[in-house]
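First the structure, in the form of structure tokens, and then the observations on it.
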Amino acid sequence: MSTEKRADPVNVMLLRGVYHRLLEAQSKAIDAIMDDGRGDGPYPCFAPLPSGQHGREARIALANSIKDVFDAIPSEGQKLPSGLLCASPECVAAITDLNSAKTALQAAVATIKASGRDDKENANQRVLELKRAMKEVGFAAADLKRVYAKIRILEPDVFRVGWTWGVNHRTYKPIDKEALERRLLGLEKDNPAAAELARTRLSRFYKPRPATLFTLPDQLRVNYGHLVDGERKNKALPVSGVVVVQQKTLPKIKWGDRDSHKTQENPREPKGGFRKELLPGWGVYYDASRPL
């Protein structure tokens, strides 16, 4: 007999309901995608495949990229990074329902994670509770960020779509007060003068917001143009997979592989106030834009 503690049945029932709704919506969306490719006047598609970018194989690859979000993360280069579907109103409706089901699953997970008292000890228990519930429902190996990712539906009347890779992007990852204090206490044992200097610098500013620099993975973005009352408008948005256009005419397509975007020698500086390094080589930065 297993001695492993089981998840709260209420949480399991909640998660199972939204998970099965998502599976059903996913199945209907994939059926609609494949139906759009049948008949004498199929809706066109695009997938960056060496074997063919517009045929049935491309459509199947796009459908699979929607289906495989519950699988283990594939190795680099195996996952189709993006693609485009011209979609019928019925297909757009099915994909919209799928996006709604993703939102419902995300809300259910948030409910489970928010249950109980809001303190650090119980926060760990809530994470464990979620893992147990996911295991009982049957998708414990899923990467939830991949599952949550919405299928991007663009505005009507799109006349061009291109993809670019954002590389060498960095952001500041905040350090909470307790974590920084532990680091400063450790520094005081090895180098009291450096610790004193760090505390002095932090005390001179209203909200120094200590943080570390965090390198972001390469980001795929879609750049597209569409018509609004006859006027051309341009937009750029991050994407995680399939892009849908609500029309039967394939827009002008431009795809660039990740390798075609040369990595810049100097990483791009992230936004977030005037940041200075707290101590040379210590890996901590602070906002020096608002002195006391």
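Residues in the structure tokens are named by chain (A, B, ... in the order shown) and by number from 1 within that chain; ligands are numbered from 1 in the order shown.
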Problem - Spatial neighbours of A:Lys145, max dist 12 Å, only C-alpha atoms, sep filter under 2 positions, as a list in words - result: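 Using only C-alpha atoms, the neighbours found are Val69, Phe70, Ile73, Lys102, Thr103, Leu105, Gln106, Val109, Ala142, Asp143, Val147, Tyr148, Ala149, Lys150 and Ser240 of chain A.
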_For the structure I just gave you, how does DSSP split stretch 41-289 of chain A - specifically, which residues are alpha helix (DSSP H)? Reply as a PyMOL selection string._
chain A and resi 56-67+89-114+120-137+144-148+177-190+192-203
Next item on the list: List every residue of stretch 28-229 of chain A that DSSP, applied to the backbone of this structure, assigns to strand (DSSP E or B), and report them as a VMD selection string.
Entry: chain A and resid 45 to 46 83 to 86 152 to 153 158 to 166 170 to 174 205 211 to 215 219 to 228
Please produce an output containing C-alpha atoms for each residue in the selection, written as a compact mmCIF listing (two decimals), in the first residue's frame.
# COMPACT_ATOMS: atom_id res chain seq x y z
CA CYS A 45 -0.95 27.57 -44.31
CA PHE A 46 2.78 28.08 -43.78
CA GLY A 83 3.94 28.93 -38.37
CA LEU A 84 0.81 30.48 -39.85
CA LEU A 85 -2.70 29.27 -40.53
CA CYS A 86 -5.31 30.99 -42.65
CA ARG A 152 -2.07 34.15 -31.38
CA ILE A 153 -5.05 35.26 -33.49
CA VAL A 158 -3.37 40.94 -42.66
CA PHE A 159 -1.22 41.59 -45.72
CA ARG A 160 2.26 40.60 -44.48
CA VAL A 161 3.77 38.50 -41.67
CA GLY A 162 7.43 38.10 -40.78
CA TRP A 163 9.25 36.53 -37.84
CA THR A 164 12.38 37.73 -36.07
CA TRP A 165 14.40 36.43 -33.14
CA GLY A 166 15.24 38.66 -30.20
CA ARG A 170 18.46 40.53 -20.29
CA THR A 171 16.22 41.58 -17.45
CA TYR A 172 16.61 42.39 -13.78
CA LYS A 173 15.43 39.66 -11.41
CA PRO A 174 14.50 41.16 -8.02
CA PHE A 205 18.27 55.75 -2.19
CA ALA A 211 18.32 42.67 -8.34
CA THR A 212 20.51 40.33 -10.36
CA LEU A 213 20.88 40.31 -14.13
CA PHE A 214 19.00 37.46 -15.74
CA THR A 215 19.60 36.43 -19.37
CA GLN A 219 12.46 35.29 -28.11
CA LEU A 220 10.54 34.75 -31.32
CA ARG A 221 8.45 37.73 -32.44
CA VAL A 222 5.95 38.16 -35.23
CA ASN A 223 5.98 41.42 -37.16
CA TYR A 224 2.88 41.98 -39.27
CA GLY A 225 0.91 44.56 -41.18
CA HIS A 226 -2.88 44.78 -41.38
CA LEU A 227 -5.48 47.14 -42.75
CA VAL A 228 -7.70 49.31 -40.56
For A:Gly37, which residue out of A:Ala7, A:Cys91, A:Val127, A:Leu22 is the nearest one, using only C-alpha atoms?
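Looking only at the distances to A:Gly37, the closest residue turns out to be A:Cys91.
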Exercise. Which value, in Å to one decimal, gives the distance between atom CA of A:Ala29 and atom CA of A:Asp97?
Worked result: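 Those two atoms sit 8.2 Å apart.
Note that the spacing between atom CA of A:Lys248 and atom CA of A:Ala32 amounts to 14.3 Å.
If only C-alpha atoms are the atoms counted, then among A:Asp36, A:Ser65, A:Ala195, A:Leu49 the closest residue to A:Val92 is A:Asp36.
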Exercise for review: Find, counting only C-alpha atoms, the residue in A:Asn234, A:Ser203, A:Asn99, A:Ser88 that gets nearest to A:Gly41.
Suggested key: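 Answer, going by the shortest atom-to-atom distance: A:Ser88.
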